[in-house]
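Participant: To be precise about what I am sending: the file is called work_9.cif and holds mmCIF, C-alpha atoms, pLDDT in the B column; chains and numbers go by the auth columns.
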data_structure
#
loop_
_atom_site.group_PDB
_atom_site.id
_atom_site.type_symbol
_atom_site.label_atom_id
_atom_site.label_comp_id
_atom_site.label_asym_id
_atom_site.label_seq_id
_atom_site.Cartn_x
_atom_site.Cartn_y
_atom_site.Cartn_z
_atom_site.B_iso_or_equiv
_atom_site.auth_seq_id
_atom_site.auth_asym_id
ATOM 1 C CA MET A 1 -1.484 -19.179 20.937 54.00 6 A
ATOM 2 C CA PHE A 2 1.974 -20.559 20.216 61.00 7 A
ATOM 3 C CA LEU A 3 0.542 -23.661 18.571 62.00 8 A
ATOM 4 C CA THR A 4 -1.675 -21.526 16.339 65.00 9 A
ATOM 5 C CA ILE A 5 1.263 -19.428 15.173 68.00 10 A
ATOM 6 C CA LEU A 6 3.326 -22.584 14.667 66.00 11 A
ATOM 7 C CA THR A 7 0.548 -24.193 12.626 70.00 12 A
ATOM 8 C CA TYR A 8 0.144 -21.149 10.362 67.00 13 A
ATOM 9 C CA SER A 9 3.912 -20.861 9.974 74.00 14 A
ATOM 10 C CA ILE A 10 4.183 -24.489 8.898 75.00 15 A
ATOM 11 C CA GLN A 11 1.334 -23.978 6.421 73.00 16 A
ATOM 12 C CA ALA A 12 3.054 -20.895 4.991 75.00 17 A
ATOM 13 C CA ILE A 13 6.357 -22.762 4.644 79.00 18 A
ATOM 14 C CA VAL A 14 4.662 -25.685 2.875 76.00 19 A
ATOM 15 C CA ILE A 15 2.876 -23.313 0.472 75.00 20 A
ATOM 16 C CA LEU A 16 6.154 -21.515 -0.285 76.00 21 A
ATOM 17 C CA LEU A 17 7.936 -24.836 -0.893 76.00 22 A
ATOM 18 C CA ILE A 18 5.196 -25.886 -3.304 74.00 23 A
ATOM 19 C CA ILE A 19 5.443 -22.547 -5.131 72.00 24 A
ATOM 20 C CA PHE A 20 9.249 -22.793 -5.363 71.00 25 A
ATOM 21 C CA THR A 21 8.970 -26.354 -6.685 74.00 26 A
ATOM 22 C CA LEU A 22 6.504 -25.202 -9.314 68.00 27 A
ATOM 23 C CA VAL A 23 8.771 -22.296 -10.278 66.00 28 A
ATOM 24 C CA ARG A 24 11.723 -24.655 -10.773 68.00 29 A
ATOM 25 C CA LYS A 25 9.651 -27.001 -12.963 67.00 30 A
ATOM 26 C CA ASN A 26 8.072 -24.056 -14.698 63.00 31 A
ATOM 27 C CA ARG A 27 8.065 -23.921 -18.471 70.00 32 A
ATOM 28 C CA LYS A 28 6.340 -20.550 -18.475 71.00 33 A
ATOM 29 C CA LYS A 29 8.107 -17.264 -17.986 77.00 34 A
ATOM 30 C CA ILE A 30 7.602 -15.030 -14.990 78.00 35 A
ATOM 31 C CA GLY A 31 6.124 -11.781 -16.265 83.00 36 A
ATOM 32 C CA ARG A 32 3.260 -9.349 -15.797 89.00 37 A
ATOM 33 C CA GLY A 33 0.724 -12.148 -15.517 87.00 38 A
ATOM 34 C CA SER A 34 2.573 -13.445 -12.466 86.00 39 A
ATOM 35 C CA LEU A 35 1.332 -10.351 -10.639 91.00 40 A
ATOM 36 C CA SER A 36 -2.101 -11.974 -10.673 91.00 41 A
ATOM 37 C CA LEU A 37 -0.913 -14.593 -8.198 88.00 42 A
ATOM 38 C CA LEU A 38 0.819 -11.964 -6.076 89.00 43 A
ATOM 39 C CA LEU A 39 -2.295 -9.772 -5.986 91.00 44 A
ATOM 40 C CA PHE A 40 -4.370 -12.773 -4.949 89.00 45 A
ATOM 41 C CA LEU A 41 -1.990 -13.477 -2.068 87.00 46 A
ATOM 42 C CA LEU A 42 -2.122 -9.823 -0.966 87.00 47 A
ATOM 43 C CA GLY A 43 -5.911 -9.871 -1.094 88.00 48 A
ATOM 44 C CA LEU A 44 -5.984 -13.046 0.936 85.00 49 A
ATOM 45 C CA ALA A 45 -3.561 -11.589 3.486 83.00 50 A
ATOM 46 C CA SER A 46 -5.697 -8.465 3.923 84.00 51 A
ATOM 47 C CA SER A 47 -8.713 -10.490 5.056 80.00 52 A
ATOM 48 C CA TYR A 48 -7.027 -13.459 6.750 77.00 53 A
ATOM 49 C CA GLU A 49 -7.187 -13.599 10.564 74.00 54 A
ATOM 50 C CA LEU A 50 -4.211 -14.868 12.518 73.00 55 A
ATOM 51 C CA SER A 51 -5.052 -15.142 16.252 73.00 56 A
ATOM 52 C CA ASN A 52 -7.147 -11.946 16.429 75.00 57 A
ATOM 53 C CA TYR A 53 -4.832 -10.029 14.081 75.00 58 A
ATOM 54 C CA THR A 54 -6.100 -9.082 10.657 78.00 59 A
ATOM 55 C CA PHE A 55 -3.914 -6.968 8.393 81.00 60 A
ATOM 56 C CA GLY A 56 -6.978 -5.297 6.852 82.00 61 A
ATOM 57 C CA ASP A 57 -8.368 -4.366 10.277 82.00 62 A
ATOM 58 C CA GLN A 58 -5.026 -2.889 11.280 83.00 63 A
ATOM 59 C CA LEU A 59 -4.903 -0.857 8.070 83.00 64 A
ATOM 60 C CA PHE A 60 -8.397 0.511 8.679 83.00 65 A
ATOM 61 C CA SER A 61 -7.442 1.306 12.287 83.00 66 A
ATOM 62 C CA PHE A 62 -4.319 3.132 11.083 86.00 67 A
ATOM 63 C CA LEU A 63 -6.484 5.226 8.735 86.00 68 A
ATOM 64 C CA GLY A 64 -8.998 5.913 11.525 87.00 69 A
ATOM 65 C CA LEU A 65 -11.798 3.997 9.823 86.00 70 A
ATOM 66 C CA PRO A 66 -13.970 1.217 11.264 85.00 71 A
ATOM 67 C CA ALA A 67 -13.329 -2.319 10.038 81.00 72 A
ATOM 68 C CA TRP A 68 -16.911 -3.453 10.710 81.00 73 A
ATOM 69 C CA SER A 69 -20.246 -1.895 9.782 77.00 74 A
ATOM 70 C CA ASN A 70 -21.347 -2.068 13.446 77.00 75 A
ATOM 71 C CA ARG A 71 -18.578 -0.449 15.497 72.00 76 A
ATOM 72 C CA VAL A 72 -20.056 -1.268 18.889 73.00 77 A
ATOM 73 C CA ASP A 73 -19.518 -5.028 18.979 73.00 78 A
ATOM 74 C CA ASN A 74 -17.609 -5.634 15.718 70.00 79 A
ATOM 75 C CA THR A 75 -20.500 -7.256 13.912 73.00 80 A
ATOM 76 C CA GLY A 76 -22.149 -6.685 10.577 74.00 81 A
ATOM 77 C CA PHE A 77 -20.214 -6.504 7.340 76.00 82 A
ATOM 78 C CA HIS A 78 -16.427 -6.799 7.500 79.00 83 A
ATOM 79 C CA TYR A 79 -14.935 -4.046 5.357 81.00 84 A
ATOM 80 C CA SER A 80 -11.660 -5.951 5.035 83.00 85 A
ATOM 81 C CA LEU A 81 -13.476 -8.094 2.474 83.00 86 A
ATOM 82 C CA LEU A 82 -13.921 -4.999 0.329 84.00 87 A
ATOM 83 C CA LEU A 83 -10.246 -4.186 0.816 86.00 88 A
ATOM 84 C CA SER A 84 -9.292 -7.637 -0.410 89.00 89 A
ATOM 85 C CA SER A 85 -11.496 -7.191 -3.481 89.00 90 A
ATOM 86 C CA ILE A 86 -9.323 -4.193 -4.383 90.00 91 A
ATOM 87 C CA PHE A 87 -6.544 -6.740 -4.875 91.00 92 A
ATOM 88 C CA PHE A 88 -8.680 -9.471 -6.460 92.00 93 A
ATOM 89 C CA ILE A 89 -10.161 -7.348 -9.273 94.00 94 A
ATOM 90 C CA PRO A 90 -6.790 -6.249 -10.739 94.00 95 A
ATOM 91 C CA GLY A 91 -5.548 -9.819 -10.256 92.00 96 A
ATOM 92 C CA ILE A 92 -8.364 -11.084 -12.461 94.00 97 A
ATOM 93 C CA ILE A 93 -7.764 -8.410 -15.100 95.00 98 A
ATOM 94 C CA ILE A 94 -3.993 -8.990 -15.216 94.00 99 A
ATOM 95 C CA GLY A 95 -4.544 -12.755 -15.361 91.00 100 A
ATOM 96 C CA TYR A 96 -6.832 -12.371 -18.384 92.00 101 A
ATOM 97 C CA LYS A 97 -4.508 -9.976 -20.213 93.00 102 A
ATOM 98 C CA ASN A 98 -1.362 -12.101 -19.711 89.00 103 A
ATOM 99 C CA PRO A 99 -2.477 -15.757 -19.572 87.00 104 A
ATOM 100 C CA GLU A 100 0.827 -17.128 -20.846 87.00 105 A
ATOM 101 C CA ASP A 101 2.815 -16.068 -17.761 86.00 106 A
ATOM 102 C CA PHE A 102 3.483 -18.218 -14.711 80.00 107 A
ATOM 103 C CA GLY A 103 0.770 -17.955 -12.039 83.00 108 A
ATOM 104 C CA ALA A 104 -1.654 -15.993 -14.197 86.00 109 A
ATOM 105 C CA LEU A 105 -4.140 -18.831 -14.587 87.00 110 A
ATOM 106 C CA ILE A 106 -4.247 -19.874 -10.935 85.00 111 A
ATOM 107 C CA GLY A 107 -4.247 -16.251 -9.719 87.00 112 A
ATOM 108 C CA ARG A 108 -7.103 -15.391 -12.053 91.00 113 A
ATOM 109 C CA ARG A 109 -9.193 -18.426 -11.130 89.00 114 A
ATOM 110 C CA VAL A 110 -8.752 -18.226 -7.370 88.00 115 A
ATOM 111 C CA SER A 111 -9.271 -14.445 -7.353 90.00 116 A
ATOM 112 C CA SER A 112 -12.486 -14.979 -9.317 91.00 117 A
ATOM 113 C CA ILE A 113 -13.728 -17.531 -6.795 90.00 118 A
ATOM 114 C CA TYR A 114 -12.962 -15.306 -3.819 88.00 119 A
ATOM 115 C CA LEU A 115 -14.514 -12.257 -5.495 91.00 120 A
ATOM 116 C CA PHE A 116 -17.649 -14.279 -6.246 92.00 121 A
ATOM 117 C CA LEU A 117 -17.860 -15.306 -2.571 88.00 122 A
ATOM 118 C CA ILE A 118 -17.420 -11.686 -1.464 87.00 123 A
ATOM 119 C CA ILE A 119 -20.243 -10.569 -3.766 90.00 124 A
ATOM 120 C CA ILE A 120 -22.515 -13.344 -2.470 90.00 125 A
ATOM 121 C CA SER A 121 -21.775 -12.435 1.166 85.00 126 A
ATOM 122 C CA LEU A 122 -22.420 -8.766 0.401 86.00 127 A
ATOM 123 C CA LEU A 123 -25.771 -9.664 -1.169 89.00 128 A
ATOM 124 C CA PHE A 124 -26.729 -11.765 1.873 87.00 129 A
ATOM 125 C CA PHE A 125 -25.760 -8.888 4.164 83.00 130 A
ATOM 126 C CA ILE A 126 -27.882 -6.414 2.176 86.00 131 A
ATOM 127 C CA ILE A 127 -30.850 -8.785 2.161 90.00 132 A
ATOM 128 C CA SER A 128 -30.559 -9.335 5.921 85.00 133 A
ATOM 129 C CA CYS A 129 -30.427 -5.569 6.518 82.00 134 A
ATOM 130 C CA LEU A 130 -33.479 -4.948 4.342 87.00 135 A
ATOM 131 C CA SER A 131 -35.495 -7.688 6.039 85.00 136 A
ATOM 132 C CA LYS A 132 -35.175 -6.107 9.511 72.00 137 A
#
Could I get this structure in the form of structure tokens?
Facilitator:
Amino acid sequence: MFLTILTYSIQAIVILLIIFTLVRKNRKKIGRGSLSLLLFLLGLASSYELSNYTFGDQLFSFLGLPAWSNRVDNTGFHYSLLLSSIFFIPGIIIGYKNPEDFGALIGRRVSSIYLFLIIISLLFFIISCLSK
């Protein structure tokens, strides 16, 4: 458990150092388009699991809602993916409207990729439910 937390902490520190290095070398201004990158990171955090702790699951639990479509054994479709898409969709829109700002391009592209994967997984889940 400790090694897992240490590994994720080191990864987070490296990512932050890379972002700070890019900000220092940045020729673009930080503006509204930069929210695209922030929204992507929030969407990623809402569906990312860290040693049996998922922020999205905890939020659903706080609201009294199930985080999985099958409550009995936590299987089926993970609703935290839909929660993360709530962050990805505005990230894409903001990235398109303000492409000249720092982080808008990468936030828009990565949010688009993750949203595409969520849609594909949702389609596979629907197909598997209909085939039963």
Participant: Would you mind reading off the distance between atom CA of A:Asp106 and atom CA of A:Phe60, one decimal, in Å?
Facilitator: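 Going from atom CA of A:Asp106 over to atom CA of A:Phe60 covers 28.5 Å.
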Participant: One number please: atom CA of A:Lys33 to atom CA of A:Gly100, in Å, one decimal.
Facilitator: 13.7 Å
Participant: Tell me, as a PyMOL selection string, which residues lie within 12 Å of A:Leu122, counting only C-alpha atoms; anything in the same chain fewer than 3 positions away does not count.
Facilitator: chain A and resi 86-87+89-90+93+115-119+125-129
Participant: Centre and edge lengths of an axis-aligned box around all listed atoms of stretch 106-111 of chain A, with 8 Å added on each side, are to be given in Å to one decimal, as JSON.
Facilitator:
{"center_x": -0.4, "center_y": -17.9, "center_z": -14.3, "size_x": 23.7, "size_y": 19.9, "size_z": 22.8}
Participant: Between atom CA of A:Thr12 and atom CA of A:Ala50, measure the distance and give it in Å to one decimal.
Facilitator: 16.1 Å
Participant: Would you mind telling me which residue in A:Phe25, A:Ile98, A:Ser14, A:Gly61 lies nearest to A:Leu49 when using only C-alpha atoms?
Facilitator: A:Gly61
Participant: Just so the selection is clear, what residues does the PyMOL selection byres ((chain A and resi 62) around 10) cover here, as a ChimeraX atom specification?
Facilitator: /A:51-54,57-61,63-68,70-73,83-85,88
Participant: Step by step, work through what the PyMOL selection byres ((chain A and resi 96) around 8) selects in the shown file, and finish by giving those residues as a PyMOL selection string.
Facilitator: chain A and resi 40-45+92-95+97-100+112-113+116
Participant: Name the closest residue to A:Lys34 among the candidates A:Val77, A:Ala109, A:Ile91, A:Leu21; distances are taken between atoms, counting all atoms listed in the file.
Facilitator: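 Of A:Val77, A:Ala109, A:Ile91, A:Leu21, the one nearest A:Lys34 is A:Ala109, counting all atoms listed in the file.
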Participant: Since the input lacks some atoms of stretch 77-109 of chain A, please model N, CA and C atoms and print them as a short mmCIF file (atom, residue, chain, number, x, y, z; two decimals), in the coordinates of the input.
Facilitator:
data_model
loop_
_atom_site.label_atom_id
_atom_site.label_comp_id
_atom_site.auth_asym_id
_atom_site.auth_seq_id
_atom_site.Cartn_x
_atom_site.Cartn_y
_atom_site.Cartn_z
N VAL A 77 -19.88 -1.00 17.47
CA VAL A 77 -20.06 -1.27 18.89
C VAL A 77 -19.52 -2.64 19.29
N ASP A 78 -19.95 -3.68 18.61
CA ASP A 78 -19.52 -5.03 18.98
C ASP A 78 -18.85 -5.78 17.83
N ASN A 79 -18.31 -5.05 16.87
CA ASN A 79 -17.61 -5.63 15.72
C ASN A 79 -18.43 -6.72 15.03
N THR A 80 -19.63 -6.36 14.66
CA THR A 80 -20.50 -7.26 13.91
C THR A 80 -20.95 -6.55 12.65
N GLY A 81 -21.68 -7.25 11.84
CA GLY A 81 -22.15 -6.68 10.58
C GLY A 81 -21.25 -7.10 9.44
N PHE A 82 -21.04 -6.20 8.51
CA PHE A 82 -20.21 -6.50 7.34
C PHE A 82 -18.76 -6.13 7.62
N HIS A 83 -17.85 -7.01 7.28
CA HIS A 83 -16.43 -6.80 7.50
C HIS A 83 -15.84 -6.09 6.28
N TYR A 84 -15.44 -4.85 6.47
CA TYR A 84 -14.94 -4.05 5.36
C TYR A 84 -13.61 -4.55 4.81
N SER A 85 -12.91 -5.38 5.55
CA SER A 85 -11.66 -5.95 5.04
C SER A 85 -11.91 -6.82 3.81
N LEU A 86 -13.13 -7.34 3.69
CA LEU A 86 -13.48 -8.09 2.47
C LEU A 86 -13.48 -7.17 1.26
N LEU A 87 -13.96 -5.95 1.44
CA LEU A 87 -13.92 -5.00 0.33
C LEU A 87 -12.49 -4.60 0.00
N LEU A 88 -11.66 -4.49 1.04
CA LEU A 88 -10.25 -4.19 0.82
C LEU A 88 -9.58 -5.30 0.01
N SER A 89 -9.90 -6.54 0.34
CA SER A 89 -9.29 -7.64 -0.41
C SER A 89 -9.78 -7.67 -1.85
N SER A 90 -11.02 -7.22 -2.10
CA SER A 90 -11.50 -7.19 -3.48
C SER A 90 -10.75 -6.16 -4.32
N ILE A 91 -10.16 -5.16 -3.66
CA ILE A 91 -9.32 -4.19 -4.38
C ILE A 91 -8.10 -4.90 -4.97
N PHE A 92 -7.66 -5.96 -4.34
CA PHE A 92 -6.54 -6.74 -4.88
C PHE A 92 -7.03 -7.80 -5.86
N PHE A 93 -8.19 -8.39 -5.61
CA PHE A 93 -8.68 -9.47 -6.46
C PHE A 93 -9.06 -8.99 -7.86
N ILE A 94 -9.70 -7.85 -7.97
CA ILE A 94 -10.16 -7.35 -9.27
C ILE A 94 -8.99 -7.11 -10.23
N PRO A 95 -7.93 -6.38 -9.82
CA PRO A 95 -6.79 -6.25 -10.74
C PRO A 95 -6.11 -7.58 -11.02
N GLY A 96 -6.13 -8.50 -10.03
CA GLY A 96 -5.55 -9.82 -10.26
C GLY A 96 -6.26 -10.57 -11.36
N ILE A 97 -7.58 -10.45 -11.40
CA ILE A 97 -8.36 -11.08 -12.46
C ILE A 97 -8.05 -10.45 -13.81
N ILE A 98 -8.02 -9.13 -13.84
CA ILE A 98 -7.76 -8.41 -15.10
C ILE A 98 -6.37 -8.73 -15.64
N ILE A 99 -5.37 -8.70 -14.78
CA ILE A 99 -3.99 -8.99 -15.22
C ILE A 99 -3.88 -10.44 -15.67
N GLY A 100 -4.57 -11.35 -14.97
CA GLY A 100 -4.54 -12.76 -15.36
C GLY A 100 -5.15 -12.99 -16.72
N TYR A 101 -6.21 -12.23 -17.06
CA TYR A 101 -6.83 -12.37 -18.38
C TYR A 101 -5.97 -11.76 -19.49
N LYS A 102 -5.29 -10.65 -19.18
CA LYS A 102 -4.51 -9.98 -20.21
C LYS A 102 -3.19 -10.68 -20.51
N ASN A 103 -2.65 -11.42 -19.53
CA ASN A 103 -1.36 -12.10 -19.71
C ASN A 103 -1.47 -13.57 -19.30
N PRO A 104 -2.26 -14.37 -20.01
CA PRO A 104 -2.48 -15.76 -19.57
C PRO A 104 -1.28 -16.68 -19.78
N GLU A 105 -0.30 -16.24 -20.55
CA GLU A 105 0.83 -17.13 -20.85
C GLU A 105 1.90 -17.10 -19.76
N ASP A 106 1.80 -16.19 -18.81
CA ASP A 106 2.82 -16.07 -17.76
C ASP A 106 2.53 -17.02 -16.60
N PHE A 107 3.58 -17.32 -15.85
CA PHE A 107 3.48 -18.22 -14.71
C PHE A 107 2.58 -17.61 -13.63
N GLY A 108 1.64 -18.38 -13.13
CA GLY A 108 0.77 -17.95 -12.04
C GLY A 108 -0.45 -17.17 -12.47
N ALA A 109 -0.53 -16.81 -13.73
CA ALA A 109 -1.65 -15.99 -14.20
C ALA A 109 -2.96 -16.78 -14.13
#
